[in-house]
file start20.cif (mmCIF, C-alpha atoms)
data_query
#
loop_
_atom_site.label_atom_id
_atom_site.label_comp_id
_atom_site.auth_asym_id
_atom_site.auth_seq_id
_atom_site.Cartn_x
_atom_site.Cartn_y
_atom_site.Cartn_z
CA MET A 216 46.55 -63.38 -67.49
CA LYS A 217 47.84 -63.57 -63.93
CA ALA A 218 51.32 -62.64 -65.14
CA VAL A 219 49.96 -59.58 -66.95
CA LYS A 220 47.95 -58.65 -63.86
CA TRP A 221 50.94 -58.85 -61.56
CA LEU A 222 53.08 -56.93 -64.07
CA ALA A 223 50.48 -54.15 -64.13
CA VAL A 224 50.42 -54.13 -60.31
CA GLY A 225 54.21 -53.95 -60.20
CA VAL A 226 54.37 -51.09 -62.69
CA GLY A 227 51.66 -49.25 -60.79
CA ALA A 228 53.50 -49.70 -57.49
CA LEU A 229 56.72 -48.38 -59.00
CA ALA A 230 54.85 -45.39 -60.41
CA VAL A 231 53.34 -44.65 -56.99
CA LEU A 232 56.76 -44.91 -55.34
CA ALA A 233 58.32 -42.64 -57.98
CA PHE A 234 55.60 -40.03 -57.64
CA GLY A 235 55.83 -40.27 -53.84
CA TRP A 236 59.56 -39.71 -53.91
CA LEU A 237 59.20 -36.72 -56.23
CA TRP A 238 56.56 -35.18 -53.98
CA PHE A 239 57.76 -36.11 -50.49
CA GLY A 240 61.39 -37.14 -51.02
CA PRO A 241 64.17 -35.18 -49.31
CA VAL A 242 65.52 -32.11 -51.10
CA GLU A 243 68.73 -30.44 -50.01
CA GLU A 244 68.18 -26.71 -49.81
CA ASP A 245 70.51 -24.69 -52.01
CA VAL A 246 72.70 -22.66 -49.65
CA ALA A 247 75.63 -20.38 -50.34
CA PRO A 248 78.92 -22.31 -50.41
CA ASP A 249 81.96 -21.20 -48.50
CA ARG A 250 83.89 -19.35 -51.18
CA GLY A 251 87.09 -19.27 -49.13
CA PRO A 252 89.71 -16.51 -49.20
CA LEU A 253 90.30 -14.52 -52.36
CA ALA A 254 93.68 -14.78 -54.06
CA ALA A 255 96.26 -12.38 -52.69
CA VAL A 256 97.45 -9.57 -54.94
CA SER A 257 101.08 -8.52 -54.77
CA PRO A 258 101.78 -4.81 -54.25
CA GLY A 259 102.38 -3.09 -57.57
CA ALA A 260 100.57 -5.71 -59.63
CA ALA A 261 97.80 -3.24 -60.43
CA GLU A 262 100.09 -1.18 -62.65
CA ALA A 263 100.33 -4.14 -65.01
CA VAL A 264 96.60 -3.96 -65.77
CA GLY A 265 96.05 -2.84 -69.34
CA TRP A 266 96.37 -3.78 -73.01
CA TYR A 267 99.15 -5.71 -74.70
CA ALA A 268 99.81 -6.55 -78.36
CA SER A 269 101.73 -9.61 -79.54
CA GLU A 270 104.29 -9.58 -82.33
CA ASP A 271 101.55 -10.59 -84.76
CA SER A 272 99.32 -7.72 -83.49
CA VAL A 273 96.90 -9.84 -81.45
CA GLU A 274 95.58 -7.67 -78.61
CA ARG A 275 94.99 -9.01 -75.12
CA LEU A 276 93.70 -7.43 -71.93
CA LEU A 277 95.15 -8.06 -68.48
CA THR A 278 92.67 -7.12 -65.77
CA TRP A 279 91.22 -8.07 -62.38
CA SER A 280 89.15 -11.22 -62.18
CA ALA A 281 86.30 -11.98 -59.79
CA ASP A 282 88.23 -14.42 -57.59
CA GLY A 283 90.87 -11.97 -56.40
CA GLY A 284 93.42 -12.72 -59.09
CA PHE A 285 93.76 -11.55 -62.67
CA ALA A 286 92.76 -12.76 -66.11
CA PHE A 287 94.43 -12.46 -69.50
CA TYR A 288 91.69 -12.02 -72.12
CA ARG A 289 91.51 -12.12 -75.87
CA PHE A 290 88.24 -11.04 -77.43
CA GLY A 291 87.05 -11.95 -80.89
CA ARG A 292 84.15 -12.76 -83.17
CA THR A 293 84.31 -16.55 -82.93
CA ARG A 294 84.55 -18.90 -79.96
CA ALA A 295 87.93 -20.10 -81.25
CA GLU A 296 89.31 -16.57 -80.89
CA LEU A 297 88.15 -16.17 -77.29
CA LEU A 298 90.70 -16.82 -74.59
CA ARG A 299 90.61 -16.34 -70.85
CA THR A 300 93.56 -17.43 -68.72
CA PRO A 301 93.18 -16.98 -64.94
CA LEU A 302 96.35 -15.73 -63.25
CA VAL A 303 97.55 -14.92 -59.75
CA SER A 304 100.23 -12.41 -58.92
CA ASP A 305 103.58 -14.02 -58.13
CA GLY A 306 105.51 -10.93 -57.12
CA PRO A 307 105.73 -7.46 -58.67
CA LEU A 308 105.02 -7.66 -62.40
CA ARG A 309 104.97 -11.47 -62.35
CA PHE A 310 101.94 -13.69 -62.80
CA ARG A 311 101.48 -17.46 -62.86
CA SER A 312 98.61 -19.71 -63.82
CA ALA A 313 95.83 -19.92 -61.25
CA THR A 314 95.11 -23.51 -62.31
CA GLY A 315 98.56 -24.96 -61.74
CA SER A 316 99.39 -25.38 -65.43
CA THR A 317 102.39 -23.82 -67.11
CA PRO A 318 101.33 -20.38 -68.47
CA ASN A 319 103.02 -17.43 -66.83
CA LEU A 320 103.40 -13.75 -67.62
CA VAL A 321 106.46 -11.67 -66.79
CA LEU A 322 106.50 -7.91 -67.42
CA THR A 323 109.45 -5.53 -67.61
CA ARG A 324 109.84 -1.77 -67.43
CA GLY A 325 111.15 0.44 -70.16
CA ASP A 326 113.62 3.30 -69.90
CA SER A 327 110.87 5.59 -68.61
CA GLY A 328 110.16 3.25 -65.71
CA ALA A 329 106.72 2.33 -67.00
CA VAL A 330 105.68 -1.23 -67.85
CA GLY A 331 106.50 -1.70 -71.51
CA GLN A 332 107.10 -5.36 -72.39
CA ALA A 333 105.74 -8.75 -71.44
CA VAL A 334 106.73 -12.36 -72.05
CA TRP A 335 103.96 -14.99 -72.11
CA THR A 336 105.21 -18.55 -71.66
CA THR A 337 103.15 -21.71 -72.14
CA SER A 338 104.15 -25.37 -72.34
CA SER A 339 104.51 -25.10 -76.10
CA ASP A 340 105.23 -21.48 -76.94
CA VAL A 341 106.78 -18.19 -75.88
CA GLN A 342 105.14 -14.96 -77.02
CA ARG A 343 106.35 -11.41 -76.60
CA PHE A 344 104.00 -8.49 -76.06
CA ARG A 345 104.35 -4.74 -75.97
CA ARG A 346 102.21 -2.43 -73.86
CA ILE A 347 99.72 -0.44 -75.94
CA ASP A 348 96.99 2.15 -75.47
CA GLY A 349 93.79 0.18 -75.72
CA PRO A 350 90.26 1.25 -76.71
CA TYR A 351 89.27 1.44 -73.05
CA GLU A 352 90.68 1.03 -69.58
CA THR A 353 89.34 -1.21 -66.83
CA ARG A 354 88.93 -0.30 -63.19
CA GLU A 355 87.91 -2.44 -60.26
CA VAL A 356 85.19 -0.70 -58.25
CA GLU A 357 83.44 -1.27 -54.93
CA PHE A 358 80.05 0.03 -53.82
CA SER A 359 77.38 -0.87 -51.30
CA SER A 360 73.71 -1.80 -51.45
CA GLY A 361 71.45 -2.59 -48.52
CA GLY A 362 74.42 -2.98 -46.23
CA GLU A 363 76.20 -5.42 -48.56
CA ARG A 364 79.59 -4.67 -50.12
CA LEU A 365 79.53 -5.25 -53.88
CA ALA A 366 82.27 -5.16 -56.51
CA GLY A 367 82.62 -5.15 -60.27
CA LEU A 368 84.67 -4.29 -63.32
CA LEU A 369 84.24 -0.87 -64.90
CA PHE A 370 85.05 -0.26 -68.58
CA VAL A 371 85.91 3.37 -69.45
CA PRO A 372 86.60 4.36 -73.10
CA THR A 373 89.86 6.19 -73.78
CA THR A 374 88.14 8.41 -76.35
CA PRO A 375 86.95 11.88 -75.31
CA GLY A 376 83.53 12.04 -73.63
CA PRO A 377 80.84 12.60 -72.80
CA HIS A 378 80.00 8.88 -73.02
CA PRO A 379 76.74 7.02 -72.55
CA GLY A 380 76.77 4.29 -69.94
CA ALA A 381 75.24 0.91 -69.14
CA VAL A 382 75.06 -1.44 -66.17
CA PHE A 383 74.70 -5.16 -66.80
CA ILE A 384 72.27 -7.15 -64.62
CA HIS A 385 73.20 -10.82 -64.31
CA GLY A 386 70.96 -13.75 -65.12
CA SER A 387 70.12 -16.69 -62.86
CA GLY A 388 72.54 -18.69 -60.74
CA ALA A 389 76.02 -17.78 -59.61
CA SER A 390 77.33 -15.17 -62.03
CA SER A 391 80.25 -12.78 -61.88
CA ARG A 392 82.15 -10.40 -64.12
CA ASP A 393 84.24 -13.26 -65.53
CA GLY A 394 81.63 -14.72 -67.89
CA HIS A 395 82.24 -14.08 -71.60
CA TRP A 396 78.44 -13.85 -72.06
CA TYR A 397 78.74 -10.50 -70.26
CA LEU A 398 82.30 -9.50 -71.09
CA SER A 399 82.01 -9.78 -74.87
CA PRO A 400 79.00 -7.40 -75.11
CA ALA A 401 80.71 -5.12 -72.58
CA ASP A 402 83.84 -5.14 -74.75
CA GLU A 403 81.78 -4.25 -77.83
CA LEU A 404 80.06 -1.40 -76.01
CA ALA A 405 83.25 0.02 -74.50
CA ARG A 406 85.08 -0.12 -77.84
CA SER A 407 82.19 1.84 -79.32
CA GLY A 408 82.35 4.57 -76.69
CA ALA A 409 80.15 3.52 -73.75
CA VAL A 410 81.08 3.28 -70.09
CA VAL A 411 80.05 -0.18 -68.86
CA LEU A 412 79.90 -1.73 -65.41
CA VAL A 413 79.77 -5.52 -65.07
CA PRO A 414 79.20 -6.20 -61.36
CA ASP A 415 79.80 -9.41 -59.48
CA LYS A 416 76.30 -10.56 -58.57
CA ARG A 417 75.70 -10.52 -54.82
CA GLY A 418 77.16 -13.67 -53.32
CA THR A 419 79.58 -14.26 -56.22
CA GLY A 420 83.07 -13.04 -57.03
CA LYS A 421 84.06 -10.23 -54.71
CA SER A 422 80.48 -9.25 -53.82
CA ALA A 423 79.03 -10.12 -50.43
CA GLY A 424 75.47 -11.27 -49.78
CA ASP A 425 73.51 -14.25 -51.11
CA TRP A 426 71.59 -14.24 -54.38
CA ARG A 427 69.74 -17.42 -53.35
CA THR A 428 67.60 -15.58 -50.81
CA ALA A 429 67.39 -12.15 -52.46
CA ALA A 430 64.18 -10.67 -53.85
CA PHE A 431 63.97 -8.85 -57.16
CA ASP A 432 63.76 -5.60 -55.20
CA ASP A 433 67.16 -6.41 -53.67
CA PHE A 434 68.70 -6.91 -57.10
CA ALA A 435 67.07 -3.67 -58.25
CA ALA A 436 68.69 -1.85 -55.31
CA ASP A 437 72.05 -3.38 -56.28
CA THR A 438 71.58 -2.12 -59.83
CA ARG A 439 70.68 1.40 -58.70
CA ALA A 440 73.86 1.47 -56.63
CA ALA A 441 75.84 0.34 -59.68
CA LEU A 442 74.20 3.06 -61.78
CA SER A 443 75.41 5.63 -59.25
CA VAL A 444 78.97 4.38 -59.79
CA VAL A 445 78.67 4.81 -63.56
CA ARG A 446 77.18 8.29 -63.20
CA GLU A 447 80.22 9.36 -61.19
CA VAL A 448 82.70 8.56 -64.00
CA GLU A 449 84.33 11.82 -65.07
CA SER A 450 83.61 11.35 -68.79
CA ILE A 451 80.01 10.14 -68.45
CA ASP A 452 76.89 11.78 -69.77
CA PRO A 453 74.75 11.23 -66.64
CA GLU A 454 71.50 11.57 -68.60
CA ARG A 455 72.41 8.71 -70.96
CA VAL A 456 72.88 5.81 -68.56
CA GLY A 457 70.77 2.66 -68.82
CA VAL A 458 70.63 -1.02 -67.89
CA VAL A 459 71.05 -4.28 -69.78
CA GLY A 460 69.15 -7.13 -68.14
CA LEU A 461 70.15 -10.60 -69.28
CA SER A 462 67.85 -13.61 -68.99
CA GLN A 463 66.28 -13.71 -65.52
CA ARG A 464 67.24 -10.11 -64.83
CA ALA A 465 64.78 -8.88 -67.43
CA TRP A 466 62.39 -9.14 -64.46
CA VAL A 467 64.61 -6.71 -62.52
CA ALA A 468 65.21 -4.16 -65.28
CA PRO A 469 61.72 -2.56 -65.22
CA ILE A 470 61.80 -2.36 -61.41
CA VAL A 471 64.91 -0.22 -61.76
CA ALA A 472 63.65 1.81 -64.70
CA VAL A 473 60.23 2.90 -63.48
CA PRO A 474 61.21 5.16 -60.55
CA ASP A 475 64.56 6.27 -62.01
CA ALA A 476 64.02 9.68 -63.56
CA ASP A 477 67.57 9.76 -64.97
CA HIS A 478 67.24 6.40 -66.69
CA SER A 479 67.88 6.57 -70.44
CA VAL A 480 67.41 3.10 -71.95
CA VAL A 481 66.50 -0.46 -70.94
CA ALA A 482 67.60 -3.58 -72.80
CA SER A 483 66.07 -6.98 -72.10
CA ILE A 484 68.20 -9.79 -73.52
CA VAL A 485 66.43 -13.18 -73.80
CA GLY A 486 64.14 -12.19 -70.95
CA SER A 487 60.65 -13.44 -70.12
CA ALA A 488 57.46 -11.41 -69.82
CA ALA A 489 55.74 -14.27 -67.97
CA THR A 490 55.96 -14.86 -64.22
CA PRO A 491 58.90 -16.91 -62.86
CA GLU A 492 56.51 -19.76 -62.01
CA GLN A 493 55.14 -19.82 -65.56
CA GLN A 494 58.65 -19.63 -66.90
CA LEU A 495 59.78 -22.57 -64.74
CA ALA A 496 56.95 -24.73 -66.10
CA TYR A 497 58.04 -24.04 -69.69
CA GLU A 498 61.71 -24.74 -69.00
CA LEU A 499 61.09 -27.97 -67.09
CA ALA A 500 58.78 -29.28 -69.80
CA ASN A 501 61.49 -28.72 -72.40
CA ASP A 502 64.12 -30.29 -70.15
CA MET A 503 61.98 -33.43 -69.84
CA VAL A 504 61.34 -33.72 -73.57
CA ASP A 505 64.98 -32.99 -74.43
CA GLY A 506 65.99 -35.66 -71.92
CA GLY A 507 63.91 -38.27 -73.76
CA ALA A 508 60.67 -38.29 -71.77
CA PRO A 509 57.51 -39.01 -73.79
CA ALA A 510 55.35 -35.94 -74.27
CA PHE A 511 52.34 -37.55 -72.58
CA VAL A 512 54.32 -37.91 -69.33
CA VAL A 513 55.14 -34.20 -69.03
CA PRO A 514 51.77 -32.87 -67.68
CA GLY A 515 51.78 -35.38 -64.82
CA VAL A 516 55.43 -35.25 -63.79
CA ARG A 517 56.25 -31.58 -64.35
CA PRO A 518 54.32 -30.26 -61.29
CA LEU A 519 56.29 -32.67 -59.10
CA LEU A 520 59.58 -31.43 -60.51
CA GLU A 521 58.46 -27.82 -60.05
CA ARG A 522 57.80 -28.52 -56.38
CA ARG A 523 61.27 -30.01 -55.92
CA VAL A 524 62.92 -27.03 -57.64
CA LYS A 525 61.08 -24.60 -55.39
CA ARG A 526 62.01 -26.55 -52.27
CA ARG A 527 65.68 -26.02 -53.07
CA ARG A 528 65.31 -22.23 -52.78
CA PRO A 529 62.10 -21.66 -50.81
CA THR A 530 62.94 -18.07 -49.82
CA TRP A 531 63.69 -17.04 -53.41
CA TRP A 532 60.50 -18.58 -54.79
CA ALA A 533 58.37 -17.14 -51.99
CA SER A 534 59.70 -13.67 -52.79
CA ASN A 535 59.77 -13.82 -56.58
CA GLY A 536 57.73 -16.72 -57.95
CA GLY A 537 54.51 -14.84 -58.69
CA PHE A 538 56.12 -11.63 -59.97
CA ASP A 539 54.29 -10.25 -63.02
CA PRO A 540 56.52 -7.84 -64.98
CA ILE A 541 53.91 -6.61 -67.47
CA PRO A 542 52.44 -3.78 -65.31
CA LEU A 543 55.93 -2.40 -64.78
CA TRP A 544 56.86 -2.66 -68.45
CA ARG A 545 53.73 -0.61 -69.22
CA SER A 546 55.10 2.12 -66.93
CA VAL A 547 58.59 2.27 -68.47
CA ASP A 548 58.76 5.54 -70.40
CA VAL A 549 62.25 5.26 -71.89
CA PRO A 550 63.36 3.39 -75.05
CA VAL A 551 63.37 -0.41 -74.71
CA LEU A 552 65.22 -3.01 -76.77
CA TRP A 553 64.01 -6.58 -76.32
CA VAL A 554 66.13 -9.31 -77.93
CA ALA A 555 64.82 -12.88 -78.19
CA GLY A 556 65.95 -16.15 -79.73
CA SER A 557 63.23 -17.85 -81.76
CA THR A 558 64.30 -21.37 -80.65
CA ASP A 559 64.89 -20.53 -76.99
CA ARG A 560 64.23 -23.62 -74.83
CA ASN A 561 64.74 -21.74 -71.55
CA VAL A 562 62.45 -18.77 -72.18
CA ASP A 563 59.15 -19.04 -74.04
CA SER A 564 59.88 -16.31 -76.58
CA ARG A 565 56.57 -16.80 -78.41
CA ARG A 566 54.57 -16.36 -75.23
CA THR A 567 56.68 -13.38 -74.25
CA GLU A 568 56.05 -11.68 -77.58
CA GLN A 569 52.32 -12.39 -77.25
CA LEU A 570 52.19 -11.00 -73.69
CA LEU A 571 54.01 -7.84 -74.77
CA SER A 572 51.68 -7.49 -77.76
CA ASP A 573 48.57 -8.00 -75.63
CA ALA A 574 49.87 -5.29 -73.27
CA GLY A 575 50.10 -2.87 -76.20
CA LEU A 576 53.87 -2.56 -75.91
CA LEU A 577 55.01 -3.66 -79.36
CA GLY A 578 53.25 -0.95 -81.31
CA PRO A 579 54.60 2.28 -79.80
CA THR A 580 57.82 3.76 -81.08
CA GLY A 581 60.58 3.40 -78.56
CA PHE A 582 59.89 -0.28 -77.86
CA SER A 583 61.90 -2.42 -80.28
CA TYR A 584 61.43 -6.20 -80.30
CA LEU A 585 64.15 -8.12 -82.12
CA SER A 586 63.56 -11.86 -82.64
CA LEU A 587 66.60 -13.66 -84.01
CA PRO A 588 65.65 -16.73 -86.08
CA GLY A 589 67.29 -20.05 -85.27
CA LEU A 590 68.99 -18.85 -82.08
CA ASP A 591 68.55 -20.30 -78.62
CA HIS A 592 68.89 -18.77 -75.15
CA ALA A 593 72.63 -18.16 -75.55
CA LEU A 594 72.11 -16.23 -78.84
CA THR A 595 74.99 -18.24 -80.26
CA ARG A 596 75.45 -18.93 -83.98
CA GLU A 597 76.47 -22.37 -85.20
CA ASP A 598 78.95 -21.06 -87.79
CA SER A 599 80.96 -18.94 -85.35
CA GLY A 600 80.18 -20.76 -82.13
CA TRP A 601 79.72 -17.39 -80.53
CA LEU A 602 77.32 -14.49 -80.02
CA ASP A 603 75.27 -13.37 -82.97
CA ARG A 604 76.59 -10.18 -84.58
CA THR A 605 73.10 -8.79 -85.22
CA TYR A 606 72.41 -8.92 -81.48
CA LEU A 607 75.70 -7.27 -80.56
CA SER A 608 75.34 -4.55 -83.20
CA ALA A 609 71.76 -3.82 -82.17
CA LEU A 610 72.76 -3.54 -78.52
CA VAL A 611 75.65 -1.18 -79.31
CA GLU A 612 73.55 1.06 -81.53
CA PHE A 613 70.74 1.11 -78.97
CA VAL A 614 72.92 2.07 -76.00
CA LEU A 615 74.82 4.66 -78.02
CA GLY A 616 71.55 6.18 -79.20
CA ALA A 617 71.74 5.41 -82.91
CA PRO A 618 68.62 4.05 -84.63
CA LEU A 619 68.52 0.33 -85.30
CA ARG A 620 69.32 -0.70 -88.84
CA PRO A 621 66.26 -1.77 -90.86
CA GLU A 622 67.39 -5.41 -90.97
CA ALA A 623 67.59 -5.47 -87.14
CA GLN A 624 64.08 -4.20 -86.56
#
call {"tool": "encode", "arguments": {"input": "start20.cif", "output": "structure tokens"}}
result
Amino acid sequence: MKAVKWLAVGVGALAVLAFGWLWFGPVEEDVAPDRGPLAAVSPGAAEAVGWYASEDSVERLLTWSADGGFAFYRFGRTRAELLRTPLVSDGPLRFRSATGSTPNLVLTRGDSGAVGQAVWTTSSDVQRFRRIDGPYETREVEFSSGGERLAGLLFVPTTPGPHPGAVFIHGSGASSRDGHWYLSPADELARSGAVVLVPDKRGTGKSAGDWRTAAFDDFAADTRAALSVVREVESIDPERVGVVGLSQRAWVAPIVAVPDADHSVVASIVGSAATPEQQLAYELANDMVDGGAPAFVVPGVRPLLERRVKRRRPTWWASNGGFDPIPLWRSVDVPVLWVAGSTDRNVDSRRTEQLLSDAGLLGPTGFSYLSLPGLDHALTREDSGWLDRTYLSALVEFVLGAPLRPEAQ
């Protein structure tokens, strides 16, 4: 009996120590890292930006990346087809791998003096490309918001306008134009005839500032500045420009939409209608269970983990933690597309649907809620390993103004 007693005392003491560490233990505040200098760009390298087709007709895009260099992209409908190779300029019309591996790209001019051919060399292969007219062109743009200099990649269709337009609003964490989660939908939209701007989130890529201390109002101001850039494109229809908020930025989208009289559409992709604090509780609970914690432990430990998370970014949580998006969503008077994954472990899609329903938002025409069965926060299919085609098609049809197909409603 004494052994059992002392075992119980020992377990209790360890539990007290663990809870004490979670509550009072040191937490290193999340601060912006020193990103260092951006990669230098050789004079004349910009004229190489554009589309290239290999001998077997595979199309690839050479364009500016967020770190100051370039990237050689291949888009596709499966993860296996997606390629992104970071490059740095190595002299006029010459590029080498930014990671120190063997790929390099050398371009040559044709008789007209324009860039016409390219040779792509890897450790195991040599491919030849010809310059082609692609479905859209890309431009690097700069703009300012609240005294901060921001940057991004602008997609402009090569088809005649006027074109609708969309600005992407990044999700949580460090996020720039280089993520395929943003670039693939942007590629789909631009191919279909929409002008798209994918900014570098403040404090990432080539954008100044710090997202760790910014309030949702700051991100909304950044988005309005980006919308102004899109509205200045020569082929744009300025009355058909909207925003696409992904994940956490579904909280920012209605802030932008409500006072913007020229706003045309708002898309919320795997966003939450709960407050950030409520959302954090859901995500941490799932993280604990997925990590093997017994369900009965979650109610007691989760509040301690929440406190530690908030202590890492105290300014952000003080500014945004209690934000309730529902009143703003009630005030949005333009068409809304809300896409959710039914098995999302990051965002409580069931609660979000219930909150939107309780607010009377799911009944009116103009507010479309699309729940995709079996998909998680990334909206990725198991068979393709990449973004669900129903989601991409619905987003394209929504931004371009076509009605959603019956199976996507």
call {"tool": "resolve_selection", "arguments": {"input": "start20.cif", "expression": "the PyMOL selection byres ((chain A and resi 442) around 10)", "output": "list in words"}}
result
Gly380, Ala381, Val382, Phe383, Val411, Leu412, Ala436, Asp437, Thr438, Arg439, Ala440, Ala441, Ser443, Val444, Val445, Arg446, Glu447, Pro453, Val456, Gly457, Val458, Val471, Asp477 and His478 of chain A
call {"tool": "closest_residue", "arguments": {"input": "start20.cif", "among": "A:Gly486, A:Gly589, A:Pro509, A:Gly376", "to": "A:Thr567", "atoms": "all atoms listed in the file"}}
result
A:Gly486
call {"tool": "resolve_selection", "arguments": {"input": "start20.cif", "expression": "the PyMOL selection byres ((chain A and resi 468) around 8)", "output": "PDB file with C-alpha atoms, in the frame of the given file"}}
result
ATOM      1  CA  ILE A 384      72.270  -7.150 -64.620  1.00  0.00           C
ATOM      2  CA  ALA A 435      67.070  -3.670 -58.250  1.00  0.00           C
ATOM      3  CA  VAL A 458      70.630  -1.020 -67.890  1.00  0.00           C
ATOM      4  CA  VAL A 459      71.050  -4.280 -69.780  1.00  0.00           C
ATOM      5  CA  GLY A 460      69.150  -7.130 -68.140  1.00  0.00           C
ATOM      6  CA  ARG A 464      67.240 -10.110 -64.830  1.00  0.00           C
ATOM      7  CA  ALA A 465      64.780  -8.880 -67.430  1.00  0.00           C
ATOM      8  CA  TRP A 466      62.390  -9.140 -64.460  1.00  0.00           C
ATOM      9  CA  VAL A 467      64.610  -6.710 -62.520  1.00  0.00           C
ATOM     10  CA  PRO A 469      61.720  -2.560 -65.220  1.00  0.00           C
ATOM     11  CA  ILE A 470      61.800  -2.360 -61.410  1.00  0.00           C
ATOM     12  CA  VAL A 471      64.910  -0.220 -61.760  1.00  0.00           C
ATOM     13  CA  ALA A 472      63.650   1.810 -64.700  1.00  0.00           C
ATOM     14  CA  VAL A 481      66.500  -0.460 -70.940  1.00  0.00           C
ATOM     15  CA  ALA A 482      67.600  -3.580 -72.800  1.00  0.00           C
ATOM     16  CA  SER A 483      66.070  -6.980 -72.100  1.00  0.00           C
TER      17      SER A 483
END
call {"tool": "resolve_selection", "arguments": {"input": "start20.cif", "expression": "the PyMOL selection byres ((chain A and resi 547-551) around 6)", "output": "PyMOL selection string"}}
result
chain A and resi 473+479-482+544-546+552+581-582
call {"tool": "residues_around", "arguments": {"input": "start20.cif", "residues": "A:Tyr267", "least_positions_apart": "2", "cutoff": "12 Å", "atoms": "all atoms listed in the file", "output": "PyMOL selection string"}}
result
chain A and resi 263-265+269-278+287-289+320+322+330-335+342-350+352
call {"tool": "write_last_selection", "arguments": {"input": "start20.cif", "atoms": "C-alpha atoms", "output": "mmCIF file, keeping the file's coordinate frame"}}
result
data_model
loop_
_atom_site.group_PDB
_atom_site.id
_atom_site.type_symbol
_atom_site.label_atom_id
_atom_site.label_comp_id
_atom_site.auth_asym_id
_atom_site.auth_seq_id
_atom_site.Cartn_x
_atom_site.Cartn_y
_atom_site.Cartn_z
ATOM 1 C CA ALA A 263 100.330 -4.140 -65.010
ATOM 2 C CA VAL A 264 96.600 -3.960 -65.770
ATOM 3 C CA GLY A 265 96.050 -2.840 -69.340
ATOM 4 C CA SER A 269 101.730 -9.610 -79.540
ATOM 5 C CA GLU A 270 104.290 -9.580 -82.330
ATOM 6 C CA ASP A 271 101.550 -10.590 -84.760
ATOM 7 C CA SER A 272 99.320 -7.720 -83.490
ATOM 8 C CA VAL A 273 96.900 -9.840 -81.450
ATOM 9 C CA GLU A 274 95.580 -7.670 -78.610
ATOM 10 C CA ARG A 275 94.990 -9.010 -75.120
ATOM 11 C CA LEU A 276 93.700 -7.430 -71.930
ATOM 12 C CA LEU A 277 95.150 -8.060 -68.480
ATOM 13 C CA THR A 278 92.670 -7.120 -65.770
ATOM 14 C CA PHE A 287 94.430 -12.460 -69.500
ATOM 15 C CA TYR A 288 91.690 -12.020 -72.120
ATOM 16 C CA ARG A 289 91.510 -12.120 -75.870
ATOM 17 C CA LEU A 320 103.400 -13.750 -67.620
ATOM 18 C CA LEU A 322 106.500 -7.910 -67.420
ATOM 19 C CA VAL A 330 105.680 -1.230 -67.850
ATOM 20 C CA GLY A 331 106.500 -1.700 -71.510
ATOM 21 C CA GLN A 332 107.100 -5.360 -72.390
ATOM 22 C CA ALA A 333 105.740 -8.750 -71.440
ATOM 23 C CA VAL A 334 106.730 -12.360 -72.050
ATOM 24 C CA TRP A 335 103.960 -14.990 -72.110
ATOM 25 C CA GLN A 342 105.140 -14.960 -77.020
ATOM 26 C CA ARG A 343 106.350 -11.410 -76.600
ATOM 27 C CA PHE A 344 104.000 -8.490 -76.060
ATOM 28 C CA ARG A 345 104.350 -4.740 -75.970
ATOM 29 C CA ARG A 346 102.210 -2.430 -73.860
ATOM 30 C CA ILE A 347 99.720 -0.440 -75.940
ATOM 31 C CA ASP A 348 96.990 2.150 -75.470
ATOM 32 C CA GLY A 349 93.790 0.180 -75.720
ATOM 33 C CA PRO A 350 90.260 1.250 -76.710
ATOM 34 C CA GLU A 352 90.680 1.030 -69.580
#
call {"tool": "closest_residue", "arguments": {"input": "start20.cif", "among": "A:Pro542, A:Pro529, A:Gly515, A:Pro491", "to": "A:Asn561", "atoms": "only C-alpha atoms"}}
result
A:Pro491
call {"tool": "closest_residue", "arguments": {"input": "start20.cif", "among": "A:Pro318, A:Pro400, A:Pro579, A:Gly367", "to": "A:Arg299", "atoms": "all atoms listed in the file"}}
result
A:Pro318
call {"tool": "atom_distance", "arguments": {"input": "start20.cif", "atom1": "atom CA of A:Thr419", "atom2": "atom CA of A:Asp282"}}
result
8.8 Å
call {"tool": "residues_near_point", "arguments": {"input": "start20.cif", "point": "(87.8, 0.4, -68.8)", "cutoff": "8 Å", "atoms": "only C-alpha atoms", "output": "number ranges by chain"}}
result
A: 351-354, 368-373, 405, 410-411
call {"tool": "atom_distance", "arguments": {"input": "start20.cif", "atom1": "atom CA of A:Glu521", "atom2": "atom CA of A:Phe431"}}
result
20.0 Å
call {"tool": "atom_distance", "arguments": {"input": "start20.cif", "atom1": "atom CA of A:Gly420", "atom2": "atom CA of A:Ser391"}}
result
5.6 Å
call {"tool": "closest_residue", "arguments": {"input": "start20.cif", "among": "A:Arg392, A:Arg455, A:Arg604, A:Arg427", "to": "A:Ala533", "atoms": "all atoms listed in the file"}}
result
A:Arg427
call {"tool": "closest_residue", "arguments": {"input": "start20.cif", "among": "A:Leu495, A:Val524, A:Leu594, A:Leu610", "to": "A:Gly537", "atoms": "all atoms listed in the file"}}
result
A:Leu495
call {"tool": "residues_around", "arguments": {"input": "start20.cif", "residues": "stretch 311-315 of chain A", "least_positions_apart": "3", "cutoff": "6 Å", "atoms": "all atoms listed in the file", "output": "PyMOL selection string"}}
result
chain A and resi 301-303+318-319
call {"tool": "closest_residue", "arguments": {"input": "start20.cif", "among": "A:Ile541, A:Met503, A:Leu519, A:Ala510", "to": "A:Ser487", "atoms": "only C-alpha atoms"}}
result
A:Ile541
call {"tool": "residues_near_point", "arguments": {"input": "start20.cif", "point": "(83.1, 20.9, -73.5)", "cutoff": "12 Å", "atoms": "all atoms listed in the file", "output": "MDAnalysis selection string"}}
result
chainID A and resid 375:377 450 452
